[in-house]
file model_33.pdb (PDB, C-alpha atoms)
ATOM      1  CA  MET A  43      82.127  54.797 -93.794
ATOM      2  CA  GLN A  44      84.019  51.534 -93.798
ATOM      3  CA  ASN A  45      82.271  50.655 -97.047
ATOM      4  CA  GLU A  46      83.448  53.903 -98.659
ATOM      5  CA  LYS A  47      87.002  53.321 -97.450
ATOM      6  CA  THR A  48      86.931  49.841 -98.965
ATOM      7  CA  GLN A  49      85.592  51.073-102.297
ATOM      8  CA  ARG A  50      87.665  54.278-102.385
ATOM      9  CA  PRO A  51      90.826  53.488-100.390
ATOM     10  CA  LEU A  52      92.689  56.513-101.797
ATOM     11  CA  LYS A  53      89.902  59.081-101.384
ATOM     12  CA  ASP A  54      92.204  61.265 -99.240
ATOM     13  CA  CYS A  55      95.230  60.894-101.538
ATOM     14  CA  VAL A  56      96.586  63.799-103.616
ATOM     15  CA  ALA A  57      98.711  62.481-106.484
ATOM     16  CA  VAL A  58     100.694  63.816-109.424
ATOM     17  CA  VAL A  59     101.141  61.490-112.403
ATOM     18  CA  THR A  60     103.598  62.796-114.970
ATOM     19  CA  GLY A  61     103.345  61.876-118.631
ATOM     20  CA  ALA A  62      99.734  60.749-118.261
ATOM     21  CA  SER A  63      98.262  61.568-121.670
ATOM     22  CA  ARG A  64      98.534  57.948-122.782
ATOM     23  CA  GLY A  65     100.246  54.627-122.119
ATOM     24  CA  ALA A  66     101.470  53.778-118.633
ATOM     25  CA  GLY A  67     100.702  57.204-117.195
ATOM     26  CA  ARG A  68      97.105  57.093-118.334
ATOM     27  CA  GLY A  69      96.634  53.585-116.925
ATOM     28  CA  ILE A  70      98.102  54.641-113.586
ATOM     29  CA  ALA A  71      95.983  57.780-113.351
ATOM     30  CA  MET A  72      92.811  55.849-114.159
ATOM     31  CA  GLU A  73      93.413  53.298-111.417
ATOM     32  CA  LEU A  74      94.246  55.977-108.871
ATOM     33  CA  GLY A  75      90.984  57.633-109.863
ATOM     34  CA  ALA A  76      89.105  54.366-109.454
ATOM     35  CA  ALA A  77      90.492  54.232-105.903
ATOM     36  CA  GLY A  78      89.145  57.735-105.258
ATOM     37  CA  ALA A  79      92.315  59.825-105.462
ATOM     38  CA  THR A  80      92.655  63.431-106.568
ATOM     39  CA  VAL A  81      95.095  63.234-109.472
ATOM     40  CA  TYR A  82      96.977  66.051-111.175
ATOM     41  CA  VAL A  83      97.397  64.662-114.691
ATOM     42  CA  THR A  84     100.390  66.208-116.430
ATOM     43  CA  GLY A  85     101.922  66.123-119.880
ATOM     44  CA  ARG A  86     102.203  68.176-123.048
ATOM     45  CA  SER A  87      99.246  66.800-125.025
ATOM     46  CA  THR A  88      95.934  68.602-124.672
ATOM     47  CA  ARG A  89      92.820  68.150-126.793
ATOM     48  CA  GLU A  90      93.549  71.406-128.561
ATOM     49  CA  GLN A  91      97.319  70.969-128.807
ATOM     50  CA  PRO A  92      98.771  67.442-129.155
ATOM     51  CA  ALA A  93     102.505  66.964-128.574
ATOM     52  CA  GLN A  94     104.484  67.733-131.717
ATOM     53  CA  THR A  95     107.538  65.502-131.217
ATOM     54  CA  TYR A  96     106.217  62.083-132.250
ATOM     55  CA  GLY A  97     106.301  62.467-136.034
ATOM     56  CA  GLN A  98     108.736  59.604-136.639
ATOM     57  CA  LEU A  99     106.826  57.184-134.414
ATOM     58  CA  LEU A 100     103.486  58.193-135.931
ATOM     59  CA  ALA A 101     104.814  57.426-139.391
ATOM     60  CA  LEU A 102     106.081  54.010-138.282
ATOM     61  CA  SER A 103     102.717  53.229-136.670
ATOM     62  CA  ASP A 104     100.582  54.512-139.571
ATOM     63  CA  MET A 105      98.842  56.842-137.137
ATOM     64  CA  GLN A 106      97.541  60.255-138.139
ATOM     65  CA  ALA A 107      97.761  61.896-134.723
ATOM     66  CA  VAL A 108      99.158  61.258-131.261
ATOM     67  CA  PRO A 109      96.456  59.451-129.257
ATOM     68  CA  GLY A 110      95.234  60.734-125.922
ATOM     69  CA  SER A 111      95.522  63.931-123.947
ATOM     70  CA  ILE A 112      95.754  65.030-120.337
ATOM     71  CA  ASP A 113      92.155  66.270-120.618
ATOM     72  CA  ASP A 114      90.885  62.848-121.726
ATOM     73  CA  THR A 115      92.722  61.119-118.892
ATOM     74  CA  ALA A 116      91.495  63.581-116.259
ATOM     75  CA  ASP A 117      87.899  63.212-117.432
ATOM     76  CA  GLU A 118      88.088  59.426-117.489
ATOM     77  CA  LEU A 119      89.519  59.065-113.992
ATOM     78  CA  THR A 120      86.888  61.463-112.693
ATOM     79  CA  ARG A 121      84.185  59.260-114.218
ATOM     80  CA  MET A 122      85.799  56.314-112.434
ATOM     81  CA  GLY A 123      85.339  57.956-109.046
ATOM     82  CA  GLY A 124      88.350  60.204-108.519
ATOM     83  CA  HIS A 125      89.007  63.860-109.207
ATOM     84  CA  GLY A 126      91.133  64.537-112.270
ATOM     85  CA  ILE A 127      92.897  67.863-112.814
ATOM     86  CA  ALA A 128      94.683  68.307-116.151
ATOM     87  CA  VAL A 129      97.806  70.488-116.077
ATOM     88  CA  GLN A 130      99.816  71.037-119.235
ATOM     89  CA  CYS A 131     103.488  70.731-118.327
ATOM     90  CA  ASP A 132     106.664  70.136-120.296
ATOM     91  CA  HIS A 133     108.712  68.190-117.771
ATOM     92  CA  THR A 134     111.975  69.145-119.438
ATOM     93  CA  ARG A 135     111.358  72.765-118.370
ATOM     94  CA  GLU A 136     112.251  73.316-114.726
ATOM     95  CA  GLU A 137     110.134  76.450-114.426
ATOM     96  CA  GLU A 138     107.003  74.624-115.605
ATOM     97  CA  VAL A 139     107.615  71.755-113.185
ATOM     98  CA  ALA A 140     108.146  74.200-110.306
ATOM     99  CA  ALA A 141     104.897  75.971-111.231
ATOM    100  CA  LEU A 142     103.064  72.635-111.281
ATOM    101  CA  PHE A 143     104.048  71.729-107.726
ATOM    102  CA  ALA A 144     103.449  75.259-106.491
ATOM    103  CA  ARG A 145      99.904  74.924-107.844
ATOM    104  CA  VAL A 146      99.419  71.545-106.158
ATOM    105  CA  GLU A 147     100.564  72.979-102.832
ATOM    106  CA  ARG A 148      98.377  76.050-103.251
ATOM    107  CA  GLU A 149      95.229  74.131-104.209
ATOM    108  CA  ALA A 150      95.562  70.877-102.269
ATOM    109  CA  GLY A 151      97.914  71.885 -99.471
ATOM    110  CA  ARG A 152     100.031  68.758 -99.884
ATOM    111  CA  ILE A 153     101.131  65.927-102.162
ATOM    112  CA  ASP A 154     100.919  62.307-101.042
ATOM    113  CA  LEU A 155     102.052  60.492-104.187
ATOM    114  CA  LEU A 156     104.292  61.374-107.115
ATOM    115  CA  VAL A 157     104.385  58.980-110.049
ATOM    116  CA  ASN A 158     107.445  59.674-112.192
ATOM    117  CA  ASN A 159     106.465  58.481-115.653
ATOM    118  CA  ALA A 160     107.224  61.257-118.174
ATOM    119  CA  TRP A 161     109.423  59.620-120.814
ATOM    120  CA  GLY A 162     110.836  61.027-124.043
ATOM    121  CA  GLY A 163     112.411  57.819-125.324
ATOM    122  CA  HIS A 164     109.760  57.248-127.982
ATOM    123  CA  GLU A 165     110.451  60.578-129.641
ATOM    124  CA  THR A 166     113.574  59.325-131.415
ATOM    125  CA  PHE A 167     112.499  55.727-132.023
ATOM    126  CA  ASN A 168     113.383  54.784-135.608
ATOM    127  CA  GLY A 169     111.714  51.382-135.695
ATOM    128  CA  VAL A 170     114.868  49.474-134.702
ATOM    129  CA  PHE A 171     115.017  48.302-131.088
ATOM    130  CA  GLU A 172     117.659  45.583-131.288
ATOM    131  CA  ALA A 173     121.013  46.632-132.742
ATOM    132  CA  PRO A 174     124.637  46.964-131.595
ATOM    133  CA  PHE A 175     125.100  50.130-129.560
ATOM    134  CA  TRP A 176     127.231  51.750-132.280
ATOM    135  CA  GLU A 177     124.325  51.548-134.689
ATOM    136  CA  HIS A 178     121.818  53.302-132.426
ATOM    137  CA  PRO A 179     121.703  57.092-132.974
ATOM    138  CA  LEU A 180     123.069  59.299-130.219
ATOM    139  CA  SER A 181     119.750  61.141-130.295
ATOM    140  CA  ASN A 182     118.438  58.197-128.235
ATOM    141  CA  TRP A 183     120.639  59.356-125.386
ATOM    142  CA  ASP A 184     119.061  62.815-125.447
ATOM    143  CA  SER A 185     115.497  61.493-125.511
ATOM    144  CA  MET A 186     116.000  58.799-122.885
ATOM    145  CA  PHE A 187     118.217  60.709-120.465
ATOM    146  CA  ASP A 188     117.596  64.426-120.956
ATOM    147  CA  ARG A 189     113.865  63.893-121.559
ATOM    148  CA  GLY A 190     113.513  60.743-119.474
ATOM    149  CA  VAL A 191     115.734  60.201-116.444
ATOM    150  CA  ARG A 192     116.159  63.939-115.915
ATOM    151  CA  ASN A 193     112.378  64.459-115.947
ATOM    152  CA  HIS A 194     112.065  62.131-112.972
ATOM    153  CA  LEU A 195     114.786  63.903-111.030
ATOM    154  CA  VAL A 196     113.373  67.375-111.691
ATOM    155  CA  ALA A 197     109.875  66.407-110.522
ATOM    156  CA  SER A 198     111.218  64.593-107.471
ATOM    157  CA  ARG A 199     113.261  67.629-106.405
ATOM    158  CA  CYS A 200     110.055  69.648-106.305
ATOM    159  CA  ALA A 201     107.894  67.032-104.597
ATOM    160  CA  ALA A 202     110.377  65.814-101.978
ATOM    161  CA  PRO A 203     110.467  68.966 -99.809
ATOM    162  CA  LEU A 204     106.648  69.054 -99.667
ATOM    163  CA  MET A 205     106.559  65.433 -98.540
ATOM    164  CA  ALA A 206     109.489  65.727 -96.135
ATOM    165  CA  ARG A 207     107.793  68.645 -94.404
ATOM    166  CA  ARG A 208     104.824  66.378 -93.553
ATOM    167  CA  LYS A 209     106.982  63.299 -92.813
ATOM    168  CA  LYS A 210     104.853  61.333 -95.228
ATOM    169  CA  GLY A 211     104.659  60.474 -98.925
ATOM    170  CA  LEU A 212     105.551  58.085-101.711
ATOM    171  CA  ILE A 213     107.512  58.637-104.912
ATOM    172  CA  THR A 214     107.224  55.860-107.487
ATOM    173  CA  THR A 215     109.340  55.644-110.604
ATOM    174  CA  THR A 216     108.197  53.562-113.566
ATOM    175  CA  THR A 217     111.091  51.583-115.000
ATOM    176  CA  PHE A 218     111.908  48.220-116.534
ATOM    177  CA  TRP A 219     113.904  45.667-114.578
ATOM    178  CA  ASP A 220     114.683  42.052-115.235
ATOM    179  CA  ARG A 221     116.834  41.232-112.204
ATOM    180  CA  GLY A 222     120.141  42.400-113.587
ATOM    181  CA  ASN A 223     119.780  40.921-117.064
ATOM    182  CA  TYR A 224     120.909  43.055-119.984
ATOM    183  CA  LEU A 225     118.117  44.457-122.143
ATOM    184  CA  ARG A 226     119.511  42.836-125.250
ATOM    185  CA  GLY A 227     120.039  45.000-128.273
ATOM    186  CA  ASN A 228     119.491  48.471-126.827
ATOM    187  CA  LEU A 229     122.269  49.789-124.637
ATOM    188  CA  PHE A 230     120.712  53.262-124.384
ATOM    189  CA  TYR A 231     117.401  51.866-123.126
ATOM    190  CA  ASP A 232     119.189  49.529-120.714
ATOM    191  CA  LEU A 233     121.248  52.395-119.269
ATOM    192  CA  ALA A 234     118.231  54.696-118.948
ATOM    193  CA  LYS A 235     116.085  52.147-117.137
ATOM    194  CA  ALA A 236     118.967  51.143-114.866
ATOM    195  CA  SER A 237     119.505  54.830-114.064
ATOM    196  CA  MET A 238     115.839  55.235-113.134
ATOM    197  CA  THR A 239     116.049  52.230-110.839
ATOM    198  CA  ARG A 240     119.192  53.597-109.214
ATOM    199  CA  LEU A 241     117.585  57.034-108.936
ATOM    200  CA  ALA A 242     114.688  55.564-106.981
ATOM    201  CA  PHE A 243     117.135  53.695-104.728
ATOM    202  CA  GLY A 244     119.290  56.766-104.088
ATOM    203  CA  MET A 245     116.332  59.010-103.336
ATOM    204  CA  ALA A 246     115.065  56.434-100.856
ATOM    205  CA  GLN A 247     118.244  56.817 -98.802
ATOM    206  CA  ASP A 248     117.884  60.596 -98.534
ATOM    207  CA  LEU A 249     114.123  60.429 -97.915
ATOM    208  CA  ARG A 250     114.082  57.638 -95.329
ATOM    209  CA  PRO A 251     114.840  59.880 -92.311
ATOM    210  CA  HIS A 252     111.868  62.014 -93.343
ATOM    211  CA  GLY A 253     109.369  59.157 -93.504
ATOM    212  CA  VAL A 254     109.019  59.335 -97.296
ATOM    213  CA  ALA A 255     109.274  56.237 -99.492
ATOM    214  CA  SER A 256     110.793  55.915-102.959
ATOM    215  CA  ILE A 257     110.136  52.789-105.018
ATOM    216  CA  ALA A 258     110.858  51.770-108.619
ATOM    217  CA  VAL A 259     108.020  49.790-110.214
ATOM    218  CA  SER A 260     108.581  47.588-113.249
ATOM    219  CA  PRO A 261     105.695  46.529-115.495
ATOM    220  CA  GLY A 262     105.935  43.845-118.107
ATOM    221  CA  TRP A 263     105.257  44.385-121.799
ATOM    222  CA  MET A 264     102.345  46.803-121.876
ATOM    223  CA  ARG A 265      99.714  47.150-124.574
ATOM    224  CA  THR A 266     100.114  50.881-124.988
ATOM    225  CA  GLU A 267      98.469  52.708-127.852
ATOM    226  CA  PHE A 268     101.709  52.633-129.822
ATOM    227  CA  VAL A 269     102.270  48.911-129.221
ATOM    228  CA  LEU A 270      98.732  48.133-130.391
ATOM    229  CA  ALA A 271      99.147  50.326-133.458
ATOM    230  CA  GLY A 272     102.455  48.663-134.278
ATOM    231  CA  HIS A 273     100.678  45.297-134.299
ATOM    232  CA  LYS A 274      97.765  46.689-136.370
ATOM    233  CA  THR A 275      95.173  46.033-133.686
ATOM    234  CA  ASP A 276      93.384  47.654-130.749
ATOM    235  CA  GLU A 277      92.462  46.825-127.155
ATOM    236  CA  ALA A 278      89.291  45.051-128.256
ATOM    237  CA  HIS A 279      91.088  42.677-130.652
ATOM    238  CA  TRP A 280      94.604  42.188-129.283
ATOM    239  CA  HIS A 281      93.797  38.566-128.384
ATOM    240  CA  GLU A 282      93.830  37.839-132.114
ATOM    241  CA  ARG A 283      97.570  38.625-132.240
ATOM    242  CA  PRO A 284      99.570  35.687-130.783
ATOM    243  CA  ALA A 285     102.624  37.929-130.474
ATOM    244  CA  LEU A 286     100.781  39.946-127.813
ATOM    245  CA  ALA A 287      99.888  36.978-125.604
ATOM    246  CA  ARG A 288     102.409  37.995-122.929
ATOM    247  CA  THR A 289     101.262  41.594-122.737
ATOM    248  CA  GLU A 290      99.409  43.383-119.991
ATOM    249  CA  SER A 291      97.275  46.508-119.946
ATOM    250  CA  PRO A 292      98.722  49.766-118.570
ATOM    251  CA  ARG A 293      96.079  49.591-115.861
ATOM    252  CA  TYR A 294      97.801  46.525-114.377
ATOM    253  CA  LEU A 295     100.691  48.828-113.515
ATOM    254  CA  GLY A 296      98.158  51.349-112.231
ATOM    255  CA  ARG A 297      96.693  48.797-109.858
ATOM    256  CA  ALA A 298     100.167  48.026-108.530
ATOM    257  CA  ILE A 299     100.867  51.664-107.757
ATOM    258  CA  ALA A 300      97.421  52.147-106.216
ATOM    259  CA  ALA A 301      98.118  49.154-103.952
ATOM    260  CA  LEU A 302     101.459  50.613-102.865
ATOM    261  CA  ALA A 303      99.878  54.010-102.229
ATOM    262  CA  GLY A 304      97.302  52.388 -99.967
ATOM    263  CA  ASP A 305      99.795  50.278 -98.017
ATOM    264  CA  ALA A 306     100.376  51.648 -94.527
ATOM    265  CA  ARG A 307     103.679  49.740 -94.409
ATOM    266  CA  VAL A 308     105.015  51.008 -97.730
ATOM    267  CA  MET A 309     108.175  52.343 -96.040
ATOM    268  CA  ASP A 310     109.249  48.715 -95.636
ATOM    269  CA  LYS A 311     109.623  48.579 -99.437
ATOM    270  CA  SER A 312     111.437  51.892 -99.876
ATOM    271  CA  GLY A 313     114.506  51.655-102.081
ATOM    272  CA  GLU A 314     113.368  48.473-103.812
ATOM    273  CA  VAL A 315     112.569  47.787-107.454
ATOM    274  CA  LEU A 316     109.362  45.750-107.620
ATOM    275  CA  ARG A 317     107.726  43.940-110.518
ATOM    276  CA  VAL A 318     104.021  44.394-111.137
ATOM    277  CA  ALA A 319     103.498  40.630-111.421
ATOM    278  CA  ASP A 320     105.003  40.089-107.971
ATOM    279  CA  LEU A 321     102.913  42.895-106.477
ATOM    280  CA  ALA A 322      99.776  41.377-108.023
ATOM    281  CA  ARG A 323     100.381  38.183-106.111
ATOM    282  CA  GLU A 324     101.203  40.008-102.893
ATOM    283  CA  TYR A 325      98.224  42.376-102.935
ATOM    284  CA  GLY A 326      95.794  40.089-104.769
ATOM    285  CA  PHE A 327      94.846  42.254-107.749
ATOM    286  CA  THR A 328      94.458  41.236-111.402
ATOM    287  CA  ASP A 329      94.684  42.899-114.778
ATOM    288  CA  ILE A 330      91.482  44.241-116.357
ATOM    289  CA  ASP A 331      90.823  40.874-118.018
ATOM    290  CA  GLY A 332      90.997  39.005-114.706
ATOM    291  CA  ARG A 333      94.449  37.493-115.259
ATOM    292  CA  GLN A 334      97.474  37.750-113.007
ATOM    293  CA  VAL A 335      99.921  38.225-115.855
ATOM    294  CA  GLU A 336     103.282  36.575-115.292
ATOM    295  CA  ALA A 337     106.394  38.729-115.134
ATOM    296  CA  PHE A 338     107.964  39.516-118.493
ATOM    297  CA  GLU A 339     111.469  38.066-118.584
ATOM    298  CA  MET A 340     114.132  38.699-121.162
TER     299      MET A 340
END
call {"tool": "encode", "arguments": {"input": "model_33.pdb", "output": "structure tokens"}}
result
Amino acid sequence: MQNEKTQRPLKDCVAVVTGASRGAGRGIAMELGAAGATVYVTGRSTREQPAQTYGQLLALSDMQAVPGSIDDTADELTRMGGHGIAVQCDHTREEEVAALFARVEREAGRIDLLVNNAWGGHETFNGVFEAPFWEHPLSNWDSMFDRGVRNHLVASRCAAPLMARRKKGLITTTTFWDRGNYLRGNLFYDLAKASMTRLAFGMAQDLRPHGVASIAVSPGWMRTEFVLAGHKTDEAHWHERPALARTESPRYLGRAIAALAGDARVMDKSGEVLRVADLAREYGFTDIDGRQVEAFEM
């Protein structure tokens, strides 16, 4: 039994990972699956019905269709040793989010881990990241706040009472943090990520008396499907692009969150914003290529 616990440290964990069709969410779900967790994989993209709001980004990336789906992610994490359950959910719709958590409670009886990752910021990306704030379209505010920060709050409001009732649980919020430095050239993105970090901190204060932790987790520059497409390469050949030398796979972030979920003393970190690179050193994990990728600094 000790061997199984070592190989599958999260075999008793019930998790929800939002926005897990691709990118960071997919990497997180896969690593939770590898650790043995039951993972409700949520998002809008299914095999039969991909998300319809990425037209501008697809055109910029020369892609014909949005990659990935919740079904693909759920199947992959199941193959890795967990139990994946795909649930189509538009996280901007409160009634769909409420139905998601009602289903989790009905089927699993509890939730141990919520990973807030659903992010709409890519939906209005016009190919320009660095520009004075007055040149960025106001539509970026809607995608990053109304379909980004708000998504995290809505999901947390549903998960928190279930966790508080059991006096146990962890909410993680994926963000980007560079120790107070300004994310040069994109005020909207800077504000959104700072808001997510503050959201995690604020929730930690309300959740602490109930034994529930809330932590913001900051990856570096990830090789998501869209990043790879933008550099005209794929995961098998990214090493041939010098510009991607500082990147990390989305599963590096997944390993960080899996480590936090398995830490019996995770409450000691509640309210903090933690970088994946720092967690890799603390917990001793590496990225999928065996490297401990250094923190991305602006």
call {"tool": "closest_residue", "arguments": {"input": "model_33.pdb", "among": "A:Met186, A:Ala77, A:Ala173, A:Ala206", "to": "Phe230 of chain A", "atoms": "only C-alpha atoms"}}
result
A:Met186
call {"tool": "atom_distance", "arguments": {"input": "model_33.pdb", "atom1": "atom CA of Pro179 of chain A", "atom2": "atom CA of Asp232 of chain A"}}
result
14.6 Å
call {"tool": "residues_around", "arguments": {"input": "model_33.pdb", "residues": "segment 160-166 of chain A", "least_positions_apart": "3", "cutoff": "9 Å", "atoms": "all atoms listed in the file", "output": "number ranges by chain"}}
result
A: 59-62, 67, 84-85, 95-99, 133, 157, 179, 181-191, 193-194, 231
call {"tool": "residues_near_point", "arguments": {"input": "model_33.pdb", "point": "(94.7, 66.6, -101.6)", "cutoff": "7 Å", "atoms": "only C-alpha atoms", "output": "list in words"}}
result
Asp54, Cys55, Val56, Thr80, Ala150, Gly151, Arg152 and Ile153 of chain A
call {"tool": "residues_around", "arguments": {"input": "model_33.pdb", "residues": "Ser111 of chain A", "least_positions_apart": "6", "cutoff": "12 Å", "atoms": "all atoms listed in the file", "output": "ChimeraX atom specification"}}
result
/A:61-65,67-68,83-93,117-118,128-131
call {"tool": "residues_around", "arguments": {"input": "model_33.pdb", "residues": "Glu136 of chain A", "least_positions_apart": "4", "cutoff": "10 Å", "atoms": "all atoms listed in the file", "output": "PyMOL selection string"}}
result
chain A and resi 131-132+140-142+193+196-197+200
call {"tool": "residues_around", "arguments": {"input": "model_33.pdb", "residues": "Met238 of chain A", "least_positions_apart": "6", "cutoff": "10 Å", "atoms": "all atoms listed in the file", "output": "ChimeraX atom specification"}}
result
/A:158,187,190-192,194-195,215-219,244,258-259,315
call {"tool": "atom_distance", "arguments": {"input": "model_33.pdb", "atom1": "atom CA of Ala285 of chain A", "atom2": "atom CA of His273 of chain A"}}
result
8.5 Å
call {"tool": "residues_around", "arguments": {"input": "model_33.pdb", "residues": "Ile127 of chain A", "least_positions_apart": "4", "cutoff": "7 Å", "atoms": "all atoms listed in the file", "output": "ChimeraX atom specification"}}
result
/A:81-83,116
call {"tool": "build_atoms", "arguments": {"input": "model_33.pdb", "residues": "segment 114-122 of chain A", "atoms": "all heavy atoms", "output": "PDB file, in the frame of the given file"}}
result
ATOM      1  N   ASP A 114      91.600  64.127-121.636  1.00  0.00           N
ATOM      2  CA  ASP A 114      90.885  62.848-121.726  1.00  0.00           C
ATOM      3  C   ASP A 114      91.129  62.000-120.478  1.00  0.00           C
ATOM      4  O   ASP A 114      90.204  61.403-119.917  1.00  0.00           O
ATOM      5  CB  ASP A 114      91.336  62.069-122.961  1.00  0.00           C
ATOM      6  CG  ASP A 114      90.986  62.776-124.260  1.00  0.00           C
ATOM      7  OD1 ASP A 114      90.014  63.553-124.270  1.00  0.00           O
ATOM      8  OD2 ASP A 114      91.699  62.548-125.266  1.00  0.00           O
ATOM      9  N   THR A 115      92.386  61.932-120.063  1.00  0.00           N
ATOM     10  CA  THR A 115      92.722  61.119-118.892  1.00  0.00           C
ATOM     11  C   THR A 115      92.052  61.660-117.636  1.00  0.00           C
ATOM     12  O   THR A 115      91.485  60.892-116.841  1.00  0.00           O
ATOM     13  CB  THR A 115      94.250  61.072-118.688  1.00  0.00           C
ATOM     14  OG1 THR A 115      94.871  60.515-119.848  1.00  0.00           O
ATOM     15  CG2 THR A 115      94.625  60.232-117.479  1.00  0.00           C
ATOM     16  N   ALA A 116      92.104  62.981-117.447  1.00  0.00           N
ATOM     17  CA  ALA A 116      91.495  63.581-116.259  1.00  0.00           C
ATOM     18  C   ALA A 116      89.990  63.335-116.226  1.00  0.00           C
ATOM     19  O   ALA A 116      89.420  63.001-115.178  1.00  0.00           O
ATOM     20  CB  ALA A 116      91.787  65.077-116.224  1.00  0.00           C
ATOM     21  N   ASP A 117      89.347  63.453-117.375  1.00  0.00           N
ATOM     22  CA  ASP A 117      87.899  63.212-117.432  1.00  0.00           C
ATOM     23  C   ASP A 117      87.566  61.756-117.135  1.00  0.00           C
ATOM     24  O   ASP A 117      86.594  61.461-116.426  1.00  0.00           O
ATOM     25  CB  ASP A 117      87.359  63.601-118.815  1.00  0.00           C
ATOM     26  CG  ASP A 117      87.317  65.106-119.035  1.00  0.00           C
ATOM     27  OD1 ASP A 117      87.527  65.854-118.059  1.00  0.00           O
ATOM     28  OD2 ASP A 117      87.089  65.521-120.184  1.00  0.00           O
ATOM     29  N   GLU A 118      88.362  60.844-117.679  1.00  0.00           N
ATOM     30  CA  GLU A 118      88.088  59.426-117.489  1.00  0.00           C
ATOM     31  C   GLU A 118      88.261  59.013-116.031  1.00  0.00           C
ATOM     32  O   GLU A 118      87.430  58.288-115.468  1.00  0.00           O
ATOM     33  CB  GLU A 118      89.000  58.590-118.383  1.00  0.00           C
ATOM     34  CG  GLU A 118      88.768  57.091-118.314  1.00  0.00           C
ATOM     35  CD  GLU A 118      87.387  56.656-118.787  1.00  0.00           C
ATOM     36  OE1 GLU A 118      86.750  57.420-119.553  1.00  0.00           O
ATOM     37  OE2 GLU A 118      86.926  55.571-118.386  1.00  0.00           O
ATOM     38  N   LEU A 119      89.316  59.471-115.388  1.00  0.00           N
ATOM     39  CA  LEU A 119      89.519  59.065-113.992  1.00  0.00           C
ATOM     40  C   LEU A 119      88.476  59.696-113.080  1.00  0.00           C
ATOM     41  O   LEU A 119      88.119  59.116-112.049  1.00  0.00           O
ATOM     42  CB  LEU A 119      90.951  59.366-113.536  1.00  0.00           C
ATOM     43  CG  LEU A 119      91.360  60.798-113.192  1.00  0.00           C
ATOM     44  CD1 LEU A 119      91.075  61.130-111.731  1.00  0.00           C
ATOM     45  CD2 LEU A 119      92.853  60.989-113.479  1.00  0.00           C
ATOM     46  N   THR A 120      87.968  60.857-113.462  1.00  0.00           N
ATOM     47  CA  THR A 120      86.888  61.463-112.693  1.00  0.00           C
ATOM     48  C   THR A 120      85.623  60.622-112.812  1.00  0.00           C
ATOM     49  O   THR A 120      84.911  60.395-111.825  1.00  0.00           O
ATOM     50  CB  THR A 120      86.625  62.900-113.170  1.00  0.00           C
ATOM     51  OG1 THR A 120      87.807  63.697-112.965  1.00  0.00           O
ATOM     52  CG2 THR A 120      85.473  63.528-112.396  1.00  0.00           C
ATOM     53  N   ARG A 121      85.347  60.132-114.022  1.00  0.00           N
ATOM     54  CA  ARG A 121      84.185  59.260-114.218  1.00  0.00           C
ATOM     55  C   ARG A 121      84.321  57.970-113.412  1.00  0.00           C
ATOM     56  O   ARG A 121      83.324  57.366-113.014  1.00  0.00           O
ATOM     57  CB  ARG A 121      84.003  58.926-115.703  1.00  0.00           C
ATOM     58  CG  ARG A 121      83.388  60.046-116.519  1.00  0.00           C
ATOM     59  CD  ARG A 121      82.963  59.552-117.893  1.00  0.00           C
ATOM     60  NE  ARG A 121      84.101  59.217-118.733  1.00  0.00           N
ATOM     61  CZ  ARG A 121      84.720  60.080-119.530  1.00  0.00           C
ATOM     62  NH1 ARG A 121      84.321  61.343-119.592  1.00  0.00           N
ATOM     63  NH2 ARG A 121      85.742  59.690-120.273  1.00  0.00           N
ATOM     64  N   MET A 122      85.571  57.557-113.165  1.00  0.00           N
ATOM     65  CA  MET A 122      85.799  56.314-112.434  1.00  0.00           C
ATOM     66  C   MET A 122      85.719  56.497-110.923  1.00  0.00           C
ATOM     67  O   MET A 122      85.835  55.526-110.170  1.00  0.00           O
ATOM     68  CB  MET A 122      87.155  55.725-112.828  1.00  0.00           C
ATOM     69  CG  MET A 122      87.214  55.294-114.282  1.00  0.00           C
ATOM     70  SD  MET A 122      88.837  54.647-114.786  1.00  0.00           S
ATOM     71  CE  MET A 122      88.873  53.071-113.942  1.00  0.00           C
TER      72      MET A 122
END
